[in-house]
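Student: The structure file structure19.pdb (PDB, C-alpha atoms) is provided below.
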```pdb
ATOM      1  CA  MET A 868     -16.944   0.109  35.261
ATOM      2  CA  ALA A 869     -13.191   0.659  35.599
ATOM      3  CA  ARG A 870     -12.646  -3.104  35.371
ATOM      4  CA  LYS A 871     -14.643  -3.222  32.098
ATOM      5  CA  GLY A 872     -12.520  -0.375  30.680
ATOM      6  CA  ASN A 873      -9.316  -2.209  31.623
ATOM      7  CA  ARG A 874     -10.507  -5.385  29.904
ATOM      8  CA  SER A 875     -11.321  -3.439  26.736
ATOM      9  CA  ALA A 876      -7.885  -1.804  26.748
ATOM     10  CA  THR A 877      -6.217  -5.204  27.197
ATOM     11  CA  VAL A 878      -8.194  -6.704  24.260
ATOM     12  CA  SER A 879      -7.287  -3.703  22.106
ATOM     13  CA  ARG A 880      -3.566  -4.046  23.019
ATOM     14  CA  GLN A 881      -3.630  -7.794  22.266
ATOM     15  CA  ARG A 882      -5.319  -7.149  18.937
ATOM     16  CA  ALA A 883      -2.753  -4.500  17.957
ATOM     17  CA  LYS A 884       0.054  -6.876  18.956
ATOM     18  CA  ALA A 885      -1.444  -9.713  16.869
ATOM     19  CA  LEU A 886      -1.875  -7.430  13.843
ATOM     20  CA  ALA A 887       1.706  -6.175  14.144
ATOM     21  CA  ALA A 888       2.973  -9.763  14.322
ATOM     22  CA  LEU A 889       0.888 -10.675  11.267
ATOM     23  CA  GLU A 890       2.237  -7.703   9.319
ATOM     24  CA  ALA A 891       5.844  -8.530  10.268
ATOM     25  CA  GLU A 892       5.357 -12.158   9.198
ATOM     26  CA  SER A 893       3.790 -11.066   5.901
ATOM     27  CA  GLU A 894       6.759  -8.724   5.222
ATOM     28  CA  ARG A 895       9.222 -11.480   6.122
ATOM     29  CA  GLN A 896       7.543 -13.901   3.716
ATOM     30  CA  LEU A 897       7.578 -11.310   0.895
ATOM     31  CA  ASP A 898      11.301 -10.671   1.518
ATOM     32  CA  GLU A 899      11.930 -14.399   1.406
ATOM     33  CA  LEU A 900       9.927 -14.773  -1.830
ATOM     34  CA  ILE A 901      11.912 -11.951  -3.469
ATOM     35  CA  ARG A 902      15.231 -13.434  -2.311
ATOM     36  CA  ARG A 903      14.239 -16.839  -3.723
ATOM     37  CA  ARG A 904      13.161 -15.288  -7.060
ATOM     38  CA  LEU A 905      16.369 -13.273  -7.379
ATOM     39  CA  ALA A 906      18.433 -16.405  -6.772
ATOM     40  CA  LEU A 907      16.787 -18.197  -9.729
ATOM     41  CA  PRO A 908      18.274 -18.130 -13.228
ATOM     42  CA  LEU A 909      16.276 -16.178 -15.847
ATOM     43  CA  GLU A 910      14.645 -19.238 -17.430
ATOM     44  CA  LYS A 911      13.141 -20.164 -14.047
ATOM     45  CA  ARG A 912      11.622 -16.690 -13.565
ATOM     46  CA  MET A 913       9.410 -16.943 -16.621
ATOM     47  CA  ASN A 914       6.232 -18.267 -15.051
ATOM     48  CA  PHE A 915       4.658 -14.804 -14.812
ATOM     49  CA  LEU A 916       2.129 -14.801 -17.640
ATOM     50  CA  ARG A 917      -1.562 -15.028 -16.774
ATOM     51  CA  ARG A 918      -4.054 -16.194 -19.358
ATOM     52  CA  ARG A 919      -7.558 -14.839 -19.715
ATOM     53  CA  LEU A 920     -10.335 -17.262 -18.864
ATOM     54  CA  PRO A 921     -13.422 -17.533 -21.086
ATOM     55  CA  GLY A 922     -15.900 -16.506 -18.373
ATOM     56  CA  GLY A 923     -13.746 -13.580 -17.249
ATOM     57  CA  GLY A 924     -10.825 -13.368 -14.872
ATOM     58  CA  SER A 925      -7.401 -14.858 -15.394
ATOM     59  CA  ALA A 926      -5.109 -17.616 -14.186
ATOM     60  CA  LEU A 927      -1.402 -18.393 -14.243
TER      61      LEU A 927
ATOM     62  CA  MET B 586       1.966 -20.002 -17.418
ATOM     63  CA  ASN B 587       5.460 -20.024 -18.817
ATOM     64  CA  ALA B 588       6.007 -16.819 -20.809
ATOM     65  CA  MET B 589       9.030 -18.209 -22.636
ATOM     66  CA  PRO B 590       7.307 -19.674 -25.770
ATOM     67  CA  LEU B 591       5.263 -16.517 -26.486
ATOM     68  CA  LEU B 592       8.114 -14.155 -25.634
ATOM     69  CA  THR B 593      10.496 -16.104 -27.868
ATOM     70  CA  ARG B 594       8.007 -15.837 -30.773
ATOM     71  CA  VAL B 595       7.680 -12.078 -30.273
ATOM     72  CA  LEU B 596      11.419 -11.647 -29.877
ATOM     73  CA  ARG B 597      12.166 -13.653 -33.015
ATOM     74  CA  ALA B 598       9.740 -11.451 -34.983
ATOM     75  CA  LEU B 599      11.290  -8.283 -33.519
ATOM     76  CA  HIS B 600      14.743  -9.441 -34.611
ATOM     77  CA  GLU B 601      13.537 -10.553 -38.028
ATOM     78  CA  HIS B 602      12.015  -7.143 -38.744
ATOM     79  CA  ARG B 603      14.785  -5.253 -36.940
ATOM     80  CA  LEU B 604      12.257  -3.423 -34.825
ATOM     81  CA  GLU B 605      14.028  -1.982 -31.813
ATOM     82  CA  ALA B 606      11.958  -2.098 -28.623
ATOM     83  CA  VAL B 607      12.550  -2.230 -24.876
ATOM     84  CA  LEU B 608      10.462  -4.499 -22.638
ATOM     85  CA  ILE B 609       8.742  -2.523 -19.874
ATOM     86  CA  GLY B 610       5.958  -3.099 -17.323
ATOM     87  CA  ASN B 611       5.331  -6.123 -15.136
ATOM     88  CA  ALA B 612       6.852  -8.594 -17.606
ATOM     89  CA  ALA B 613      10.133  -6.683 -17.405
ATOM     90  CA  ALA B 614       9.852  -6.469 -13.603
ATOM     91  CA  ALA B 615       9.232 -10.239 -13.399
ATOM     92  CA  MET B 616      12.320 -10.862 -15.532
ATOM     93  CA  HIS B 617      14.321  -8.821 -13.011
ATOM     94  CA  GLY B 618      13.024 -11.183 -10.315
ATOM     95  CA  ALA B 619      10.042  -9.280  -8.909
ATOM     96  CA  PRO B 620       7.209 -11.642  -7.865
ATOM     97  CA  VAL B 621       4.553 -10.063 -10.111
ATOM     98  CA  THR B 622       2.375 -11.396 -12.935
ATOM     99  CA  THR B 623       0.894  -9.938 -16.114
ATOM    100  CA  LEU B 624      -1.473 -10.665 -18.993
ATOM    101  CA  ASP B 625       0.655  -9.101 -21.711
ATOM    102  CA  PHE B 626       4.046  -7.858 -22.823
ATOM    103  CA  ASP B 627       4.620  -4.110 -22.995
ATOM    104  CA  PHE B 628       7.302  -2.558 -25.144
ATOM    105  CA  MET B 629       8.429   1.009 -25.701
ATOM    106  CA  PHE B 630       9.453   1.825 -29.257
ATOM    107  CA  ARG B 631      10.046   4.817 -31.514
ATOM    108  CA  GLU B 632       6.944   5.707 -33.504
ATOM    109  CA  THR B 633       8.502   6.405 -36.903
ATOM    110  CA  PRO B 634       6.872   5.592 -40.287
ATOM    111  CA  THR B 635       9.529   2.890 -40.825
ATOM    112  CA  ASN B 636       8.868   1.323 -37.404
ATOM    113  CA  LEU B 637       5.108   1.374 -37.995
ATOM    114  CA  ARG B 638       5.681  -0.523 -41.255
ATOM    115  CA  LYS B 639       7.860  -2.985 -39.353
ATOM    116  CA  LEU B 640       5.158  -3.337 -36.706
ATOM    117  CA  LYS B 641       2.573  -4.232 -39.370
ATOM    118  CA  SER B 642       4.892  -6.891 -40.823
ATOM    119  CA  LEU B 643       5.623  -8.225 -37.324
ATOM    120  CA  ALA B 644       1.873  -8.533 -36.582
ATOM    121  CA  ALA B 645       1.331 -10.328 -39.909
ATOM    122  CA  ASP B 646       4.146 -12.776 -39.101
ATOM    123  CA  LEU B 647       2.587 -13.498 -35.714
ATOM    124  CA  HIS B 648      -0.857 -13.977 -37.351
ATOM    125  CA  ALA B 649      -2.044 -11.172 -35.101
ATOM    126  CA  MET B 650      -3.917  -7.950 -35.663
ATOM    127  CA  ILE B 651      -3.078  -4.431 -34.572
ATOM    128  CA  LEU B 652      -5.649  -2.562 -32.512
ATOM    129  CA  ARG B 653      -5.632   1.051 -31.324
ATOM    130  CA  PRO B 654      -7.814   0.568 -28.217
ATOM    131  CA  PHE B 655      -7.501   4.075 -26.795
ATOM    132  CA  TYR B 656      -7.233   6.079 -30.027
ATOM    133  CA  PRO B 657      -7.045   9.101 -30.245
ATOM    134  CA  VAL B 658      -6.250   9.618 -26.547
ATOM    135  CA  SER B 659      -3.312   7.220 -26.516
ATOM    136  CA  ARG B 660      -0.744   6.252 -29.137
ATOM    137  CA  LEU B 661      -0.713   2.639 -27.986
ATOM    138  CA  TYR B 662      -0.539  -0.124 -30.619
ATOM    139  CA  ARG B 663      -1.880  -3.472 -29.411
ATOM    140  CA  VAL B 664      -0.828  -6.632 -31.262
ATOM    141  CA  VAL B 665      -3.359  -9.341 -30.454
ATOM    142  CA  ASP B 666      -3.945 -12.948 -31.396
ATOM    143  CA  ASP B 667      -6.876 -14.415 -29.473
ATOM    144  CA  ASP B 668      -6.098 -17.982 -30.580
ATOM    145  CA  THR B 669      -2.734 -18.051 -28.824
ATOM    146  CA  GLY B 670      -3.574 -15.515 -26.101
ATOM    147  CA  LEU B 671      -0.869 -13.219 -27.430
ATOM    148  CA  GLN B 672      -1.136  -9.565 -26.412
ATOM    149  CA  VAL B 673       1.765  -7.231 -26.971
ATOM    150  CA  ASP B 674       1.444  -3.487 -26.416
ATOM    151  CA  PHE B 675       3.808  -1.109 -28.190
ATOM    152  CA  MET B 676       4.010   2.388 -26.735
ATOM    153  CA  PRO B 677       5.930   5.357 -28.110
ATOM    154  CA  GLN B 678       5.395   7.249 -24.853
ATOM    155  CA  ILE B 679       5.276   6.109 -21.263
ATOM    156  CA  HIS B 680       4.650   8.087 -18.130
ATOM    157  CA  GLY B 681       7.712   8.931 -16.067
ATOM    158  CA  VAL B 682      10.230   8.167 -18.836
ATOM    159  CA  ARG B 683      11.489  11.073 -20.934
ATOM    160  CA  SER B 684      12.841   9.311 -24.002
ATOM    161  CA  PHE B 685      13.277   5.965 -25.686
ATOM    162  CA  GLU B 686      17.025   6.604 -25.918
ATOM    163  CA  GLY B 687      17.298   7.169 -22.160
ATOM    164  CA  LEU B 688      15.256   4.064 -21.384
ATOM    165  CA  ARG B 689      17.383   1.988 -23.751
ATOM    166  CA  SER B 690      20.678   3.270 -22.326
ATOM    167  CA  ARG B 691      19.612   2.269 -18.794
ATOM    168  CA  SER B 692      18.136  -1.095 -19.849
ATOM    169  CA  ALA B 693      19.688  -4.515 -19.307
ATOM    170  CA  VAL B 694      20.320  -7.000 -22.102
ATOM    171  CA  ARG B 695      19.040 -10.512 -21.428
ATOM    172  CA  ASP B 696      19.529 -13.663 -23.449
ATOM    173  CA  VAL B 697      16.186 -15.346 -24.108
ATOM    174  CA  ASP B 698      16.589 -18.614 -25.951
ATOM    175  CA  GLY B 699      19.595 -17.273 -27.851
ATOM    176  CA  LEU B 700      17.921 -13.966 -28.715
ATOM    177  CA  LEU B 701      18.872 -10.696 -27.075
ATOM    178  CA  LEU B 702      16.149  -8.743 -25.297
ATOM    179  CA  ARG B 703      16.428  -5.265 -23.846
ATOM    180  CA  VAL B 704      14.676  -5.114 -20.466
ATOM    181  CA  ALA B 705      13.962  -1.711 -18.883
ATOM    182  CA  SER B 706      15.714  -1.065 -15.571
ATOM    183  CA  LEU B 707      13.656  -1.644 -12.448
ATOM    184  CA  ASP B 708      14.180   2.053 -11.574
ATOM    185  CA  ASP B 709      12.486   3.064 -14.841
ATOM    186  CA  ILE B 710       9.656   0.571 -14.337
ATOM    187  CA  ILE B 711       9.029   1.973 -10.850
ATOM    188  CA  ALA B 712       9.190   5.568 -12.162
ATOM    189  CA  SER B 713       6.662   4.795 -14.910
ATOM    190  CA  LYS B 714       4.265   3.091 -12.519
ATOM    191  CA  LYS B 715       4.534   5.972 -10.041
ATOM    192  CA  ALA B 716       3.837   8.479 -12.815
ATOM    193  CA  ALA B 717       0.941   6.460 -14.266
ATOM    194  CA  GLY B 718      -0.635   6.317 -10.805
ATOM    195  CA  ARG B 719      -3.392   3.827 -11.659
ATOM    196  CA  ASP B 720      -4.615   1.628  -8.806
ATOM    197  CA  ARG B 721      -3.087  -1.492 -10.370
ATOM    198  CA  ASP B 722       0.250   0.309 -10.724
ATOM    199  CA  LYS B 723       0.160   1.521  -7.128
ATOM    200  CA  ALA B 724      -0.681  -2.014  -5.951
ATOM    201  CA  VAL B 725       2.609  -3.493  -7.224
ATOM    202  CA  LEU B 726       4.851  -0.555  -6.236
ATOM    203  CA  PRO B 727       5.729  -1.853  -2.735
ATOM    204  CA  ILE B 728       6.752  -5.216  -4.245
ATOM    205  CA  LEU B 729       8.875  -3.575  -6.958
ATOM    206  CA  GLU B 730      10.533  -1.233  -4.468
ATOM    207  CA  LYS B 731      11.296  -4.092  -2.103
ATOM    208  CA  THR B 732      12.755  -6.101  -5.016
ATOM    209  CA  LEU B 733      14.964  -3.154  -6.016
ATOM    210  CA  LYS B 734      16.155  -2.753  -2.424
ATOM    211  CA  THR B 735      16.995  -6.469  -2.200
ATOM    212  CA  MET B 736      18.791  -6.351  -5.583
ATOM    213  CA  ARG B 737      20.948  -3.446  -4.386
ATOM    214  CA  LYS B 738      21.887  -5.283  -1.189
ATOM    215  CA  ARG B 739      23.156  -8.309  -3.147
TER     216      ARG B 739
END
```
For the structure just supplied, provide its representation as structure tokens.
Tutor:
Amino acid sequence: MARKGNRSATVSRQRAKALAALEAESERQLDELIRRRLALPLEKRMNFLRRRLPGGGSAL
Amino acid sequence: MNAMPLLTRVLRALHEHRLEAVLIGNAAAAMHGAPVTTLDFDFMFRETPTNLRKLKSLAADLHAMILRPFYPVSRLYRVVDDDTGLQVDFMPQIHGVRSFEGLRSRSAVRDVDGLLLRVASLDDIIASKKAAGRDRDKAVLPILEKTLKTMRKR
């Protein structure tokens, strides 16, 4: 019983660690994207307009 | 898609009719460098009888029509042309911003294809989105705040 509880705690710790790593990587990529965008001249930052699609929704 | 052709058309019409307006919303944030997208251009303007006349002439020049989608609750004027996908919202009031004069004084001037455009400061855009508090505003807030933080570090 105690062994089963230990295994569950280990899985939970591993999962939390994986999620934290995923979140950190996602933040790092967003930072990088922002840095790249800020480094661009204005005319290269203009691809932000989405157009409506006939069946609903939108696309860049 | 590239916003430059549509924005240049709108900007040329604004200059031609001497209608003073400040770009706000996600289009303004994207021009500051924030990685966000939008379906339309939003402008704040002063709702005077003269400016409303100018707005009508501007819409006619753009072969667009003016809608009041949320009348009488909101004083938003929507200039729309379905053929070109043009949608420009003109607002005399925005949440979180006290006056047009204040917004204009804090705005940045950008050169778009030889035409000058006033773009609201990222601080004002963030303040307006915080005050509006809609889900879609809240969704972009972390990105805008991170962009502002990165801009200040540079």
Student: I need the output of the PyMOL selection byres ((chain A) within 10 of (chain B)) for this file as JSON, numbers by chain; which residues are they?
Tutor: {"A": [894, 897, 898, 900, 901, 902, 903, 904, 905, 906, 907, 908, 909, 910, 911, 912, 913, 914, 915, 916, 917, 918, 919, 925, 926, 927]}
Student: Rounded to one decimal in Å, what is the spacing between atom CA of His602 of chain B and atom CA of Lys639 of chain B?
Tutor: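 One can read the atom CA of His602 of chain B to atom CA of Lys639 of chain B distance as 5.9 Å.
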Student: In Å, rounded to a single decimal, give me how far atom CA of Val673 of chain B is from atom CA of Gly923 of chain A.
Tutor: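 Rounded to one decimal, the two atoms are 19.4 Å apart.
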Student: Return the single residue from B:Arg689, B:Tyr656, B:His680, B:Asp627 that is closest to Arg719 of chain B, with distances computed using all atoms listed in the file.
Tutor: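 Selected residue with least distance to Arg719 of chain B: B:His680.
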Student: Tell me which protein, DNA and RNA residues are within 9 Å of Glu730 of chain B, counting all atoms listed in the file, leaving out same-chain ones fewer than 6 positions away, and put them as a PDB file with C-alpha atoms, in the frame of the given file.
Tutor:
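Written file, result15.pdb:
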```
ATOM      1  CA  LEU B 707      13.656  -1.644 -12.448  1.00  0.00           C
ATOM      2  CA  ASP B 708      14.180   2.053 -11.574  1.00  0.00           C
ATOM      3  CA  ILE B 711       9.029   1.973 -10.850  1.00  0.00           C
TER       4      ILE B 711
END
```
